[in-house]
file start-v3.txt (compact mmCIF, C-alpha atoms)
# COMPACT_ATOMS: atom_id res chain seq x y z
CA MET D 1 31.62 -1.94 -41.01
CA ALA D 2 29.35 -4.95 -40.56
CA ALA D 3 30.18 -7.86 -38.27
CA SER D 4 32.79 -10.20 -39.70
CA THR D 5 31.51 -13.11 -41.75
CA SER D 6 34.90 -14.82 -41.93
CA VAL D 7 37.54 -15.75 -39.40
CA MET D 8 38.41 -12.72 -37.29
CA ASN D 9 42.00 -11.52 -37.36
CA SER D 10 43.13 -11.45 -33.74
CA THR D 11 45.02 -8.20 -34.40
CA ASP D 12 41.56 -6.56 -34.30
CA VAL D 13 40.97 -7.77 -30.72
CA VAL D 14 42.02 -5.26 -28.06
CA VAL D 15 41.87 -4.78 -24.29
CA ARG D 16 40.50 -1.44 -23.12
CA ILE D 17 40.52 -0.24 -19.51
CA GLY D 18 38.98 2.62 -17.55
CA THR D 19 38.17 3.68 -14.01
CA ASP D 20 34.74 5.27 -14.52
CA GLY D 21 32.89 2.99 -16.97
CA ALA D 22 32.59 5.79 -19.53
CA THR D 23 36.15 6.52 -20.68
CA TYR D 24 38.45 3.75 -21.85
CA GLU D 25 42.04 3.54 -23.10
CA THR D 26 43.34 0.69 -25.23
CA VAL D 27 46.27 -1.11 -23.62
CA GLY D 28 49.11 -0.30 -26.01
CA LYS D 29 51.61 -2.61 -27.71
CA MET D 30 49.77 -5.81 -26.73
CA THR D 31 50.98 -8.99 -28.39
CA ASN D 32 48.57 -11.45 -26.81
CA ALA D 33 45.36 -11.45 -24.77
CA SER D 34 43.17 -14.20 -23.41
CA LEU D 35 39.71 -14.28 -21.81
CA SER D 36 38.67 -17.30 -19.79
CA VAL D 37 35.18 -18.00 -18.40
CA THR D 38 34.58 -20.96 -16.11
CA MET D 39 31.75 -22.50 -14.15
CA ALA D 40 32.39 -24.57 -11.05
CA THR D 41 30.21 -27.58 -10.37
CA ARG D 42 28.70 -28.95 -7.18
CA ASP D 43 29.09 -32.64 -6.47
CA THR D 44 25.65 -34.22 -5.99
CA SER D 45 26.81 -37.86 -6.07
CA THR D 46 25.09 -40.29 -3.75
CA LYS D 47 25.18 -44.00 -3.08
CA ASP D 48 22.50 -44.23 -5.77
CA SER D 49 24.89 -42.84 -8.44
CA SER D 50 26.27 -46.32 -9.24
CA GLY D 51 29.85 -45.10 -8.91
CA TRP D 52 29.35 -42.22 -11.38
CA MET D 53 29.89 -38.61 -10.34
CA GLU D 54 26.83 -36.41 -10.62
CA VAL D 55 27.03 -32.60 -10.63
CA LEU D 56 24.94 -29.47 -10.76
CA GLU D 57 25.93 -25.98 -11.86
CA GLY D 58 27.88 -23.72 -9.52
CA GLN D 59 29.44 -20.28 -9.51
CA LYS D 60 30.79 -18.73 -12.69
CA SER D 61 33.99 -16.69 -12.84
CA TRP D 62 36.15 -15.00 -15.43
CA THR D 63 39.72 -13.87 -15.86
CA LEU D 64 41.63 -11.96 -18.49
CA SER D 65 45.36 -11.98 -19.14
CA GLY D 66 47.63 -10.25 -21.57
CA GLU D 67 51.17 -9.64 -22.74
CA GLY D 68 52.85 -6.84 -24.61
CA LEU D 69 55.96 -4.85 -25.41
CA VAL D 70 57.08 -2.25 -22.88
CA VAL D 71 56.56 1.37 -24.01
CA TYR D 72 56.14 3.83 -21.15
CA ASN D 73 55.26 6.90 -23.25
CA ASN D 74 52.52 5.70 -25.60
CA SER D 75 50.23 8.69 -26.15
CA GLY D 76 46.55 7.90 -25.79
CA LYS D 77 47.16 4.29 -24.75
CA ALA D 78 47.29 2.59 -21.36
CA THR D 79 50.85 1.55 -20.49
CA PRO D 80 52.49 -1.04 -18.23
CA ASP D 81 53.01 1.79 -15.74
CA ASP D 82 49.23 2.41 -15.68
CA ILE D 83 48.52 -1.29 -15.08
CA TYR D 84 51.03 -1.43 -12.22
CA GLY D 85 49.51 1.73 -10.72
CA HIS D 86 46.01 0.22 -10.81
CA LEU D 87 47.25 -2.99 -9.18
CA SER D 88 49.24 -1.12 -6.54
CA GLY D 89 46.31 1.21 -5.82
CA ARG D 90 43.76 -1.64 -5.70
CA THR D 91 41.70 0.25 -8.27
CA LEU D 92 38.39 -1.20 -9.49
CA ILE D 93 38.80 -1.35 -13.28
CA TYR D 94 36.20 -1.39 -16.04
CA ILE D 95 37.53 -3.59 -18.82
CA GLU D 96 36.55 -4.54 -22.37
CA PHE D 97 37.91 -7.37 -24.51
CA GLY D 98 37.07 -7.60 -28.21
CA SER D 99 36.98 -5.72 -31.46
CA GLU D 100 36.47 -1.95 -31.67
CA SER D 101 34.83 -2.29 -35.11
CA THR D 102 31.15 -1.45 -35.54
CA ASP D 103 28.78 -4.40 -35.12
CA GLU D 104 31.52 -6.65 -33.69
CA LYS D 105 31.20 -8.48 -30.37
CA TYR D 106 33.04 -7.56 -27.18
CA TYR D 107 32.96 -8.60 -23.53
CA SER D 108 32.93 -6.18 -20.61
CA GLY D 109 32.96 -6.22 -16.84
CA THR D 110 34.74 -4.95 -13.76
CA GLY D 111 37.49 -6.35 -11.60
CA TYR D 112 41.05 -5.96 -10.43
CA PHE D 113 44.54 -6.44 -11.80
CA THR D 114 45.95 -9.29 -9.71
CA GLU D 115 49.38 -9.79 -11.25
CA PHE D 116 51.89 -7.68 -13.15
CA SER D 117 55.33 -8.67 -14.39
CA THR D 118 57.95 -7.34 -16.74
CA ASP D 119 60.84 -9.18 -18.35
CA ALA D 120 63.99 -7.84 -19.95
CA GLY D 121 66.45 -10.36 -21.40
CA VAL D 122 69.84 -9.62 -22.94
CA GLU D 123 69.41 -7.94 -26.34
CA ASP D 124 65.69 -8.73 -26.32
CA ASN D 125 62.47 -6.74 -26.27
CA ALA D 126 61.30 -5.74 -22.81
CA THR D 127 57.88 -7.27 -22.24
CA PHE D 128 55.10 -7.07 -19.69
CA SER D 129 52.26 -9.34 -18.69
CA PHE D 130 49.22 -9.03 -16.46
CA SER D 131 46.37 -11.03 -14.96
CA PHE D 132 42.94 -9.62 -14.22
CA GLN D 133 40.21 -11.15 -12.04
CA GLY D 134 36.64 -10.22 -12.90
CA THR D 135 34.10 -9.51 -10.19
CA GLY D 136 30.42 -10.04 -10.96
CA THR D 137 28.86 -10.47 -14.37
CA LEU D 138 30.78 -10.59 -17.65
CA THR D 139 28.55 -9.02 -20.30
CA GLN D 140 28.66 -9.60 -24.06
CA GLY D 141 27.79 -6.62 -26.22
CA THR D 142 27.95 -5.36 -29.80
CA GLN D 143 30.01 -2.29 -30.72
CA ALA D 144 27.82 0.59 -31.91

call {"tool": "encode", "arguments": {"input": "start-v3.txt", "output": "structure tokens"}}
result
Amino acid sequence: MAASTSVMNSTDVVVRIGTDGATYETVGKMTNASLSVTMATRDTSTKDSSGWMEVLEGQKSWTLSGEGLVVYNNSGKATPDDIYGHLSGRTLIYIEFGSESTDEKYYSGTGYFTEFSTDAGVEDNATFSFSFQGTGTLTQGTQA
């Protein structure tokens, strides 16, 4: 399948995790995922700036977060239990965010799960959420 030429359906966007950089599992039953990339700035204002702030580029960082429905036995998929185990074990995780379709874009990098929560209201779906902090470069690639 060629890269999309129209608006991408976000259902096609998945989060995949692994511990060795070669084998990945899709996080199952996800309902939402978000990737955020930021760049800090360095203040370079002086008395010559006429009262206007001047900046230069600084460090870049990235985070990923997600939410889903709790299913603990989801064959072939990463579960909330797996995410909690990686956070608890301080495991370095290889992560991908994007489409699994051929010729589509995705982002990849390494980092750590930094937050995990689960919610269970009265007569409601049990849900989970997580936060992930990237370490080092976030790379953009194209699915083969």

call {"tool": "closest_residue", "arguments": {"input": "start-v3.txt", "among": "D:Gln59, D:Thr44, D:Ser49, D:Ser131", "to": "Tyr84 of chain D", "atoms": "all atoms listed in the file"}}
result
D:Ser131

call {"tool": "closest_residue", "arguments": {"input": "start-v3.txt", "among": "D:Ser50, D:Thr91, D:Thr118, D:Thr137", "to": "Thr19 of chain D", "atoms": "only C-alpha atoms"}}
result
D:Thr91

call {"tool": "residues_around", "arguments": {"input": "start-v3.txt", "residues": "Phe113 of chain D", "least_positions_apart": "4", "cutoff": "8 Å", "atoms": "all atoms listed in the file", "output": "ChimeraX atom specification"}}
result
/D:83,86-87,90,93,130-133

call {"tool": "closest_residue", "arguments": {"input": "start-v3.txt", "among": "D:Gln143, D:Thr79, D:Ser61, D:Ser117", "to": "Thr41 of chain D", "atoms": "all atoms listed in the file"}}
result
D:Ser61

call {"tool": "atom_distance", "arguments": {"input": "start-v3.txt", "atom1": "atom CA of Ala120 of chain D", "atom2": "atom CA of Tyr24 of chain D"}}
result
28.1 Å

call {"tool": "closest_atom_pairs", "arguments": {"input": "start-v3.txt", "of": "segment 11-53 of chain D", "to": "segment 124-128 of chain D", "cutoff": "10 Å", "atoms": "only C-alpha atoms", "output": "Markdown table"}}
result
| residue | atom | partner | partner_atom | distance |
| --- | --- | --- | --- | --- |
| D:Lys29 | CA | D:Thr127 | CA | 9.5 |
| D:Met30 | CA | D:Phe128 | CA | 8.9 |
| D:Thr31 | CA | D:Thr127 | CA | 9.4 |

call {"tool": "residues_around", "arguments": {"input": "start-v3.txt", "residues": "Ser36 of chain D", "least_positions_apart": "5", "cutoff": "7 Å", "atoms": "only C-alpha atoms", "output": "PyMOL selection string"}}
result
chain D and resi 62-64

call {"tool": "atom_distance", "arguments": {"input": "start-v3.txt", "atom1": "atom CA of Ala144 of chain D", "atom2": "atom CA of Glu25 of chain D"}}
result
17.0 Å

call {"tool": "residues_around", "arguments": {"input": "start-v3.txt", "residues": "Gly66 of chain D", "least_positions_apart": "2", "cutoff": "6 Å", "atoms": "all atoms listed in the file", "output": "PyMOL selection string"}}
result
chain D and resi 32-33+129-130

call {"tool": "write_last_selection", "arguments": {"input": "start-v3.txt", "atoms": "C-alpha atoms", "output": "PDB file, keeping the file's coordinate frame"}}
result
ATOM      1  CA  ASN D  32      48.570 -11.450 -26.810  1.00  0.00           C
ATOM      2  CA  ALA D  33      45.360 -11.450 -24.770  1.00  0.00           C
ATOM      3  CA  SER D 129      52.260  -9.340 -18.690  1.00  0.00           C
ATOM      4  CA  PHE D 130      49.220  -9.030 -16.460  1.00  0.00           C
TER       5      PHE D 130
END

call {"tool": "atom_distance", "arguments": {"input": "start-v3.txt", "atom1": "atom CA of Ser101 of chain D", "atom2": "atom CA of Val71 of chain D"}}
result
24.7 Å

call {"tool": "residues_around", "arguments": {"input": "start-v3.txt", "residues": "Lys105 of chain D", "least_positions_apart": "5", "cutoff": "12 Å", "atoms": "only C-alpha atoms", "output": "PDB file with C-alpha atoms, in the coordinates of the input"}}
result
ATOM      1  CA  ALA D   2      29.350  -4.950 -40.560  1.00  0.00           C
ATOM      2  CA  ALA D   3      30.180  -7.860 -38.270  1.00  0.00           C
ATOM      3  CA  SER D   4      32.790 -10.200 -39.700  1.00  0.00           C
ATOM      4  CA  MET D   8      38.410 -12.720 -37.290  1.00  0.00           C
ATOM      5  CA  ASP D  12      41.560  -6.560 -34.300  1.00  0.00           C
ATOM      6  CA  VAL D  13      40.970  -7.770 -30.720  1.00  0.00           C
ATOM      7  CA  VAL D  14      42.020  -5.260 -28.060  1.00  0.00           C
ATOM      8  CA  GLU D  96      36.550  -4.540 -22.370  1.00  0.00           C
ATOM      9  CA  PHE D  97      37.910  -7.370 -24.510  1.00  0.00           C
ATOM     10  CA  GLY D  98      37.070  -7.600 -28.210  1.00  0.00           C
ATOM     11  CA  SER D  99      36.980  -5.720 -31.460  1.00  0.00           C
ATOM     12  CA  GLU D 100      36.470  -1.950 -31.670  1.00  0.00           C
ATOM     13  CA  THR D 139      28.550  -9.020 -20.300  1.00  0.00           C
ATOM     14  CA  GLN D 140      28.660  -9.600 -24.060  1.00  0.00           C
ATOM     15  CA  GLY D 141      27.790  -6.620 -26.220  1.00  0.00           C
ATOM     16  CA  THR D 142      27.950  -5.360 -29.800  1.00  0.00           C
ATOM     17  CA  GLN D 143      30.010  -2.290 -30.720  1.00  0.00           C
ATOM     18  CA  ALA D 144      27.820   0.590 -31.910  1.00  0.00           C
TER      19      ALA D 144
END

call {"tool": "residues_around", "arguments": {"input": "start-v3.txt", "residues": "Ala78 of chain D", "least_positions_apart": "3", "cutoff": "7 Å", "atoms": "all atoms listed in the file", "output": "NGL selection string"}}
result
:D and (25-28 or 82)

call {"tool": "write_last_selection", "arguments": {"input": "start-v3.txt", "atoms": "C-alpha atoms", "output": "mmCIF file, in the frame of the given file"}}
result
data_model
loop_
_atom_site.group_PDB
_atom_site.id
_atom_site.type_symbol
_atom_site.label_atom_id
_atom_site.label_comp_id
_atom_site.auth_asym_id
_atom_site.auth_seq_id
_atom_site.Cartn_x
_atom_site.Cartn_y
_atom_site.Cartn_z
ATOM 1 C CA GLU D 25 42.040 3.540 -23.100
ATOM 2 C CA THR D 26 43.340 0.690 -25.230
ATOM 3 C CA VAL D 27 46.270 -1.110 -23.620
ATOM 4 C CA GLY D 28 49.110 -0.300 -26.010
ATOM 5 C CA ASP D 82 49.230 2.410 -15.680
#

call {"tool": "closest_residue", "arguments": {"input": "start-v3.txt", "among": "D:Glu57, D:Glu115, D:Asp81, D:Asp20", "to": "Thr38 of chain D", "atoms": "only C-alpha atoms"}}
result
D:Glu57
